[in-house]
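These notes concern the structure reproduced below.
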Amino acid sequence: MSMRLISRLDIKGPNLIKGIGLEGLRVIGDPQTFAKKYYDSGIDELVFMDIVASLYGRNNIFPIIRRAAQDVFIPITVGGGIRSLDDVREALQSGADKIAINTAAVRRPDLIKEVSRKYGSQCMVLSIEAKRKGPGGWEAYIDNGREHTGLDVVEWAKRGADLGAGEILLTSVDQEGSRNGFDLELITAVAKQVSIPVIASGGMGTAAHLVEAVRSGADAVAMADILHYGRMNVPEIRQYARAEGAPVGER
Amino acid sequence: MERRKPTVTIIDYGMGNILSVTRAFEHCGATVYLARTAREVAEAHHLVIPGVGAFGDGMAALGQLGLVPSIVSHHKKQLPLLGICLGMQMMLESSDEFGVHQGLGLIAGTVNAIPKVSPQTGPHKVPHLGWVPLKQNGRGWSGTALENTNPGESVYFMHSFMATPESTGTSCLALADYNGIAIGAAVQAGETIGCQFHPEKSGPVGLAILSMFLKRGQAA
């Protein structure tokens with residue numbers, strides 16, 4: 001089975017932005033321009049995350065998704081501020097294929113069950129923001145790494161999978177924006193304990209980091225600023241990974 | 001001479017990623033109509049059953065809207081009919097997702113959970129998510145919606161349940177491999193074709209399949 005190359009687009013208002021440790025933000029540009037560019041260059045999937053929605057309780061991201069669906073014919077995951085089955089329906093009607101839920105699932109875990117029962121597990125992505133709290137331990141955060149939950153990441157991932165999540169978007173708050181590579185121990189700890197795919201997110205600075213993530217058990221890798229700033233493009237990353245023996249597919 | 005713009009009718013029964021399927025067909029040059037009533041389905045020439053969700057819910061929704069007889073009639077008239085993902089699964093006879101449910105029975109076959117253990121690699125990940133190359137299943141693809149698709153080209157799968165190639169038999173048009181498990185990727189009977197993968201989410205390869213479907217049933 002091939003692993004997947006995913007471009008993660010963090011959105012604030014109308015803009016594609018990039019954060020450092022989910023804190024400092026920089027505007028990159030129009031999300032549509034970047035989404036189209038990545039589609040044209042052969043990315044496997046796109047993830048759009050509305051990074052302020054859960055703070056303000058609004059969903060500004062759906063018009064951006066509807067626009068993307070005009071020109072982008074690959075799977076789209078939408079996250080940030082999805083709280084209810086109505087939000088899920090609106091996301092899917094806007095062109096999304098999967099929805100990623102963090103805060104609302106922590107507050108009411110049964111939402112995971114309801115979404116997967118109604119739309120299928122493949123649609124329900126559990127988004128986990130993991131912060132290292134010591135050797136081999138991570139705590140789940142909500143509201144973009146601002147608020148801690150007391151939940152152990154590995155236990156929460158297992159519970160989410162049991163409730164019907166079909167995939168885990170695993171973001172390392174510590175590595176996010178660092179370009180120092182993924183939290184490989186975190187990937188291994190979660191991927192070993194769940195039988196659903198795990199997307200590694202946060203910290204990719206070089207294509208070698210992607211290969212490490214896959215060897216640590218990631219089924220997919222989310223990339224942001226390596227693509228946004230054009231340090232590498234999708235074909236270069238794919239070629240490098242293949243040369244290193246990572247199972248990226250032909251596209 | 002100007003060619004008439006192709007049209008396609010997508011069944012909107014509340015379970016589909018209607019916008020994505022609509023945009024993909026529009027990209028292929030079609031005018032898209034949505035059908036919510038038996039009459040609208042009966043008026044269709046090219047008909048599509050999309051679908052995201054559980055099999056039982058999907059069949060219940062088609063039943064409540066009274067669409068089943070029109071879909072069966074469309075199939076029997078040998079008019080072009082495309083099912084995508086859940087839409088494809090519902091074309092078969094039955095599914096054991098959350099209890100046993102009867103399907104439309106247009107094509108022989110049953111829907112079962114993807115085995116959680118691979119004969120090659122042991123326990124593996126379900127749902128099955130990702131791009132997988134299509135393989136032929138003992139017959140060519142000419143004269144089908146896959147006519148312009150080359151074996152080995154990859155399309156996107158996103159599912160926990162599958163049609164087994166054994167149960168679909170000679171209706172199985174294309175296969176995909178998941179760690180040694182053969183997945184019925186496409187099934188066909190007459191002008192009715194079902195795709196387990198999402199052609200509307202499979203980039204240029206998927207769009208070529210939708211374009212080919214639009215050409216089915218047109219005078220040469």
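Every chain in the structure tokens has a letter given in the order shown (A, B, ...), and although residue numbers restart at 1 in each chain, ligands are simply numbered from 1 in the order shown.
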Determine, counting only C-alpha atoms, which protein, DNA and RNA residues have an atom within 8 Å of an atom of Val115 in chain A; residues of the same chain fewer than 6 positions away are not included. Present the result as a list of chain:residue names.
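Listed by chain and then number, they are A:Leu85, A:Val88, A:Ser121, A:Cys123, A:Met124.
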Could the residues in this selection be saved with C-alpha atoms as a compact mmCIF listing (two decimals), in the first residue's frame?
# COMPACT_ATOMS: atom_id res chain seq x y z
CA LEU A 85 -23.52 16.66 12.14
CA VAL A 88 -20.25 17.83 8.65
CA SER A 121 -15.48 5.86 9.16
CA CYS A 123 -15.05 10.36 6.45
CA MET A 124 -14.24 10.85 10.14
List every residue of range 57-239 of chain A that DSSP, applied to the backbone of this structure, assigns to strand (DSSP E), and report them as a ChimeraX atom specification.
/A:76-79,98-101,124-134,137-142,147-152,167-172,198-201,220-223
Might you pull out every residue within 12 Å of range 66-69 of chain B, with only C-alpha atoms counted and same-chain residues fewer than 6 positions away left off, and present them as a VMD selection string?
chain B and resid 11 to 13 35 to 42 49 58 to 60 75 to 76 90 to 91 102 to 106
Which of these, B:Val187, B:Leu129, B:Ala208, B:Cys85, has the shortest distance to chain A once you count only C-alpha atoms?
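Once distances to chain A are computed over only C-alpha atoms, the minimum belongs to B:Leu129.
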Given only C-alpha atoms, how would the per-residue table for chain A near chain B read, listing every residue at most 10 Å away with its closest atom pair and distance in Å to one decimal, sorted by chain and number, as CSV?
residue,atom,partner,partner_atom,distance
A:Met1,CA,B:Asn179,CA,6.3
A:Ser2,CA,B:Gly130,CA,7.1
A:Met3,CA,B:Gly130,CA,7.4
A:Arg4,CA,B:Gly130,CA,6.6
A:Leu5,CA,B:Gly130,CA,9.8
A:Tyr39,CA,B:Gly203,CA,8.0
A:Asp40,CA,B:Gly203,CA,8.9
A:Gly42,CA,B:Gly203,CA,8.4
A:Ile43,CA,B:Gly203,CA,9.8
A:Asp44,CA,B:Trp131,CA,7.6
A:Glu45,CA,B:Gly130,CA,9.0
A:Arg66,CA,B:Leu19,CA,8.1
A:Ala68,CA,B:Ser20,CA,9.8
A:Ala69,CA,B:Ser20,CA,6.1
A:Gln70,CA,B:Arg23,CA,5.7
A:Asp71,CA,B:Arg23,CA,8.0
A:Val72,CA,B:Gly203,CA,7.7
A:Phe73,CA,B:Lys201,CA,4.6
A:Ile74,CA,B:Lys201,CA,4.0
A:Pro75,CA,B:Lys201,CA,5.5
A:Ile76,CA,B:Lys201,CA,8.7
A:Arg89,CA,B:Met15,CA,9.2
A:Ala91,CA,B:Asn17,CA,9.5
A:Leu92,CA,B:Asn17,CA,5.8
A:Gln93,CA,B:Asn17,CA,5.9
A:Ser94,CA,B:Leu19,CA,6.4
A:Gly95,CA,B:Ser20,CA,5.0
A:Ala96,CA,B:Asn17,CA,7.6
A:Asp97,CA,B:Asn17,CA,7.2
A:Lys98,CA,B:Met158,CA,9.7
A:Val115,CA,B:Gly53,CA,9.5
A:Ser116,CA,B:Gly53,CA,8.2
A:Arg117,CA,B:Ala54,CA,7.1
A:Lys118,CA,B:Gly53,CA,5.8
A:Tyr119,CA,B:Gly53,CA,3.9
A:Gly120,CA,B:Gly53,CA,4.8
A:Ser121,CA,B:Pro127,CA,7.0
A:Gln122,CA,B:Pro127,CA,5.8
A:Cys123,CA,B:Val52,CA,8.3
A:Ala165,CA,B:Pro127,CA,9.4
A:Gly166,CA,B:Pro127,CA,5.9
A:Glu167,CA,B:Pro127,CA,7.8
A:Ala191,CA,B:Lys125,CA,9.7
A:Val194,CA,B:Lys125,CA,8.4
A:Ser195,CA,B:Lys125,CA,5.0
A:Ile196,CA,B:Lys125,CA,4.8
A:Pro197,CA,B:Lys125,CA,5.7
A:Val198,CA,B:Lys125,CA,9.2
A:Asp219,CA,B:Lys125,CA,8.8
A:Ala220,CA,B:Gly130,CA,9.2
A:Val248,CA,B:Trp131,CA,9.5
A:Gly249,CA,B:Trp131,CA,7.1
A:Glu250,CA,B:Ser154,CA,7.4
A:Arg251,CA,B:Ser154,CA,6.6
Any chance you can output those residues with N, CA and C atoms as a compact mmCIF listing (two decimals), in the first residue's frame?
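Below is the file that was written, result_1.txt:
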# COMPACT_ATOMS: atom_id res chain seq x y z
N MET A 1 0.85 -1.20 0.00
CA MET A 1 0.00 0.00 0.00
C MET A 1 0.88 1.24 0.00
N SER A 2 0.61 2.15 -0.92
CA SER A 2 1.41 3.39 -1.00
C SER A 2 1.05 4.35 0.12
N MET A 3 2.05 5.06 0.63
CA MET A 3 1.74 6.14 1.56
C MET A 3 1.31 7.36 0.74
N ARG A 4 0.70 8.29 1.43
CA ARG A 4 0.11 9.45 0.74
C ARG A 4 0.83 10.74 1.08
N LEU A 5 1.00 11.57 0.08
CA LEU A 5 1.58 12.90 0.25
C LEU A 5 0.43 13.91 0.33
N TYR A 39 -2.38 20.51 -6.71
CA TYR A 39 -3.14 19.53 -7.50
C TYR A 39 -2.44 19.28 -8.84
N ASP A 40 -2.08 20.37 -9.52
CA ASP A 40 -1.46 20.23 -10.84
C ASP A 40 -0.11 19.49 -10.76
N GLY A 42 0.55 17.05 -8.70
CA GLY A 42 0.39 15.63 -8.36
C GLY A 42 0.35 15.30 -6.88
N ILE A 43 -0.07 16.25 -6.05
CA ILE A 43 -0.25 15.93 -4.63
C ILE A 43 -1.37 14.88 -4.51
N ASP A 44 -1.32 14.04 -3.45
CA ASP A 44 -2.32 12.97 -3.32
C ASP A 44 -3.62 13.45 -2.68
N GLU A 45 -3.52 14.38 -1.74
CA GLU A 45 -4.71 14.89 -1.04
C GLU A 45 -4.41 16.30 -0.54
N ARG A 66 -15.54 25.31 -1.39
CA ARG A 66 -16.38 25.29 -2.61
C ARG A 66 -15.57 25.76 -3.82
N ALA A 68 -12.30 25.58 -4.14
CA ALA A 68 -11.30 24.56 -4.47
C ALA A 68 -11.93 23.44 -5.30
N ALA A 69 -13.17 23.06 -4.95
CA ALA A 69 -13.82 21.94 -5.63
C ALA A 69 -14.09 22.22 -7.10
N GLN A 70 -13.98 23.50 -7.50
CA GLN A 70 -14.14 23.83 -8.93
C GLN A 70 -13.00 23.26 -9.77
N ASP A 71 -11.81 23.28 -9.21
CA ASP A 71 -10.61 23.01 -10.01
C ASP A 71 -9.77 21.86 -9.48
N VAL A 72 -10.10 21.33 -8.32
CA VAL A 72 -9.22 20.36 -7.68
C VAL A 72 -9.98 19.05 -7.54
N PHE A 73 -9.51 18.01 -8.21
CA PHE A 73 -10.26 16.76 -8.26
C PHE A 73 -9.50 15.64 -7.55
N ILE A 74 -9.14 15.92 -6.31
CA ILE A 74 -8.54 14.93 -5.42
C ILE A 74 -9.21 15.09 -4.05
N PRO A 75 -9.01 14.12 -3.15
CA PRO A 75 -9.69 14.19 -1.85
C PRO A 75 -9.30 15.43 -1.04
N ILE A 76 -10.31 16.00 -0.42
CA ILE A 76 -10.14 17.19 0.41
C ILE A 76 -10.66 16.89 1.81
N ARG A 89 -22.31 17.88 7.38
CA ARG A 89 -23.08 17.85 6.13
C ARG A 89 -22.71 19.03 5.25
N ALA A 91 -19.93 20.70 5.23
CA ALA A 91 -18.57 20.51 4.70
C ALA A 91 -18.59 19.58 3.49
N LEU A 92 -19.33 18.46 3.62
CA LEU A 92 -19.37 17.50 2.51
C LEU A 92 -20.08 18.12 1.30
N GLN A 93 -21.12 18.91 1.57
CA GLN A 93 -21.83 19.56 0.47
C GLN A 93 -20.98 20.65 -0.18
N SER A 94 -19.95 21.11 0.54
CA SER A 94 -19.07 22.14 -0.02
C SER A 94 -17.93 21.55 -0.83
N GLY A 95 -17.85 20.21 -0.89
CA GLY A 95 -16.81 19.59 -1.70
C GLY A 95 -15.79 18.82 -0.90
N ALA A 96 -15.94 18.79 0.44
CA ALA A 96 -15.02 18.01 1.26
C ALA A 96 -15.37 16.53 1.17
N ASP A 97 -14.37 15.68 1.37
CA ASP A 97 -14.58 14.24 1.40
C ASP A 97 -14.44 13.68 2.80
N LYS A 98 -13.62 14.36 3.59
CA LYS A 98 -13.41 13.93 4.97
C LYS A 98 -13.44 15.18 5.84
N VAL A 115 -20.74 10.70 13.59
CA VAL A 115 -20.27 11.03 12.23
C VAL A 115 -19.93 9.77 11.46
N SER A 116 -19.24 8.83 12.13
CA SER A 116 -18.82 7.64 11.39
C SER A 116 -20.01 6.74 11.07
N ARG A 117 -21.01 6.73 11.95
CA ARG A 117 -22.19 5.92 11.67
C ARG A 117 -22.97 6.50 10.49
N LYS A 118 -23.04 7.83 10.42
CA LYS A 118 -23.84 8.44 9.37
C LYS A 118 -23.09 8.54 8.04
N TYR A 119 -21.82 8.90 8.08
CA TYR A 119 -21.09 9.15 6.82
C TYR A 119 -19.99 8.12 6.55
N GLY A 120 -19.81 7.19 7.47
CA GLY A 120 -18.76 6.19 7.29
C GLY A 120 -17.48 6.60 8.00
N SER A 121 -16.75 5.59 8.47
CA SER A 121 -15.48 5.86 9.16
C SER A 121 -14.50 6.62 8.28
N GLN A 122 -14.52 6.31 6.97
CA GLN A 122 -13.52 6.89 6.07
C GLN A 122 -13.65 8.41 6.02
N CYS A 123 -14.79 8.92 6.48
CA CYS A 123 -15.05 10.36 6.45
C CYS A 123 -14.60 11.05 7.74
N ALA A 165 -13.52 6.54 14.45
CA ALA A 165 -12.69 7.38 13.59
C ALA A 165 -12.01 6.50 12.55
N GLY A 166 -11.86 7.03 11.34
CA GLY A 166 -11.27 6.24 10.26
C GLY A 166 -9.83 6.61 9.96
N GLU A 167 -9.36 7.65 10.62
CA GLU A 167 -8.01 8.13 10.34
C GLU A 167 -7.64 9.09 11.46
N ALA A 191 0.81 4.90 15.90
CA ALA A 191 0.56 3.98 14.78
C ALA A 191 0.56 2.52 15.24
N VAL A 194 -3.13 1.74 16.98
CA VAL A 194 -4.42 1.84 16.30
C VAL A 194 -4.35 1.10 14.96
N SER A 195 -5.50 0.61 14.50
CA SER A 195 -5.54 -0.11 13.23
C SER A 195 -6.16 0.74 12.13
N ILE A 196 -6.10 2.06 12.31
CA ILE A 196 -6.56 2.99 11.28
C ILE A 196 -5.35 3.82 10.81
N PRO A 197 -5.44 4.39 9.59
CA PRO A 197 -4.29 5.14 9.08
C PRO A 197 -3.95 6.36 9.94
N VAL A 198 -2.65 6.69 9.99
CA VAL A 198 -2.16 7.84 10.74
C VAL A 198 -1.45 8.79 9.78
N ASP A 219 1.15 6.50 7.71
CA ASP A 219 0.51 6.06 6.47
C ASP A 219 0.42 7.20 5.47
N ALA A 220 0.57 8.40 5.97
CA ALA A 220 0.52 9.59 5.12
C ALA A 220 1.29 10.69 5.84
N VAL A 248 5.93 5.56 -2.01
CA VAL A 248 5.03 6.57 -2.59
C VAL A 248 4.58 6.05 -3.94
N GLY A 249 3.31 6.25 -4.27
CA GLY A 249 2.78 5.69 -5.50
C GLY A 249 3.22 6.48 -6.72
N GLU A 250 2.97 5.89 -7.89
CA GLU A 250 3.13 6.61 -9.16
C GLU A 250 1.87 7.41 -9.38
N ARG A 251 2.02 8.68 -9.80
CA ARG A 251 0.82 9.44 -10.11
C ARG A 251 0.96 10.03 -11.50
State, in Å with one decimal place, the distance from CA of Ile99 in chain A to CA of Val78 in chain A.
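Separating CA of Ile99 in chain A from CA of Val78 in chain A is a distance of 4.8 Å.
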Range 72-135 of chain B: which residues are alpha helix (DSSP H) by DSSP, as an mmCIF file with C-alpha atoms, in the first residue's frame?
data_model
loop_
_atom_site.group_PDB
_atom_site.id
_atom_site.type_symbol
_atom_site.label_atom_id
_atom_site.label_comp_id
_atom_site.auth_asym_id
_atom_site.auth_seq_id
_atom_site.Cartn_x
_atom_site.Cartn_y
_atom_site.Cartn_z
ATOM 1 C CA VAL B 72 -34.051 -0.456 -12.158
ATOM 2 C CA SER B 73 -35.937 0.592 -15.268
ATOM 3 C CA HIS B 74 -33.012 2.792 -16.395
ATOM 4 C CA HIS B 75 -30.715 -0.228 -16.032
ATOM 5 C CA LYS B 76 -33.080 -2.537 -17.935
ATOM 6 C CA LEU B 86 -21.719 3.512 -1.994
ATOM 7 C CA GLY B 87 -23.624 4.021 -5.279
ATOM 8 C CA MET B 88 -21.651 1.148 -6.785
ATOM 9 C CA GLN B 89 -22.165 -1.065 -3.745
ATOM 10 C CA MET B 90 -25.938 -0.496 -3.839
#
Using only C-alpha atoms, determine which residues lie at most 9 Å from His46 in chain B, disregarding the query and same-chain residues fewer than 5 positions distant; provide the list as a PyMOL selection string.
chain B and resi 6-10+79-82+213-214+216-217
Closest of A:Gly177, A:Gly245, A:Pro109, A:Pro31 to Ile226 in chain A - atom-to-atom distances counting only C-alpha atoms:
A:Gly177
Point-to-point distance in Å for CA of Glu139 in chain A and CA of Ile6 in chain A
24.3 Å
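Using only C-alpha atoms, the smallest distance between any of A:Leu186, A:Leu25, A:Leu210, A:Ala222 and Pro135 in chain A comes from A:Leu186.
By only C-alpha atoms, and with residues fewer than 2 positions from Gln193 in chain A along its chain excluded, the set lying at most 9 Å from it is Val154, Glu155, Ala157, Lys158, Thr188, Ala189, Val190, Ala191 and Ser195 of chain A.
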Quick one: residues within 8 Å of Val234 in chain A, only C-alpha atoms counted, chain neighbours fewer than 2 positions away excluded, as a VMD selection string?
chain A and resid 38 41 to 43 227 232 236 to 238
In Å, with one decimal, what is the gap from CA of Glu244 in chain A to CA of Arg215 in chain A?
10.8 Å
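Shortest atom-to-atom contact with Thr164 in chain B among B:Cys195, B:Leu62, B:Val100, B:Ile114: B:Ile114, counting only C-alpha atoms.
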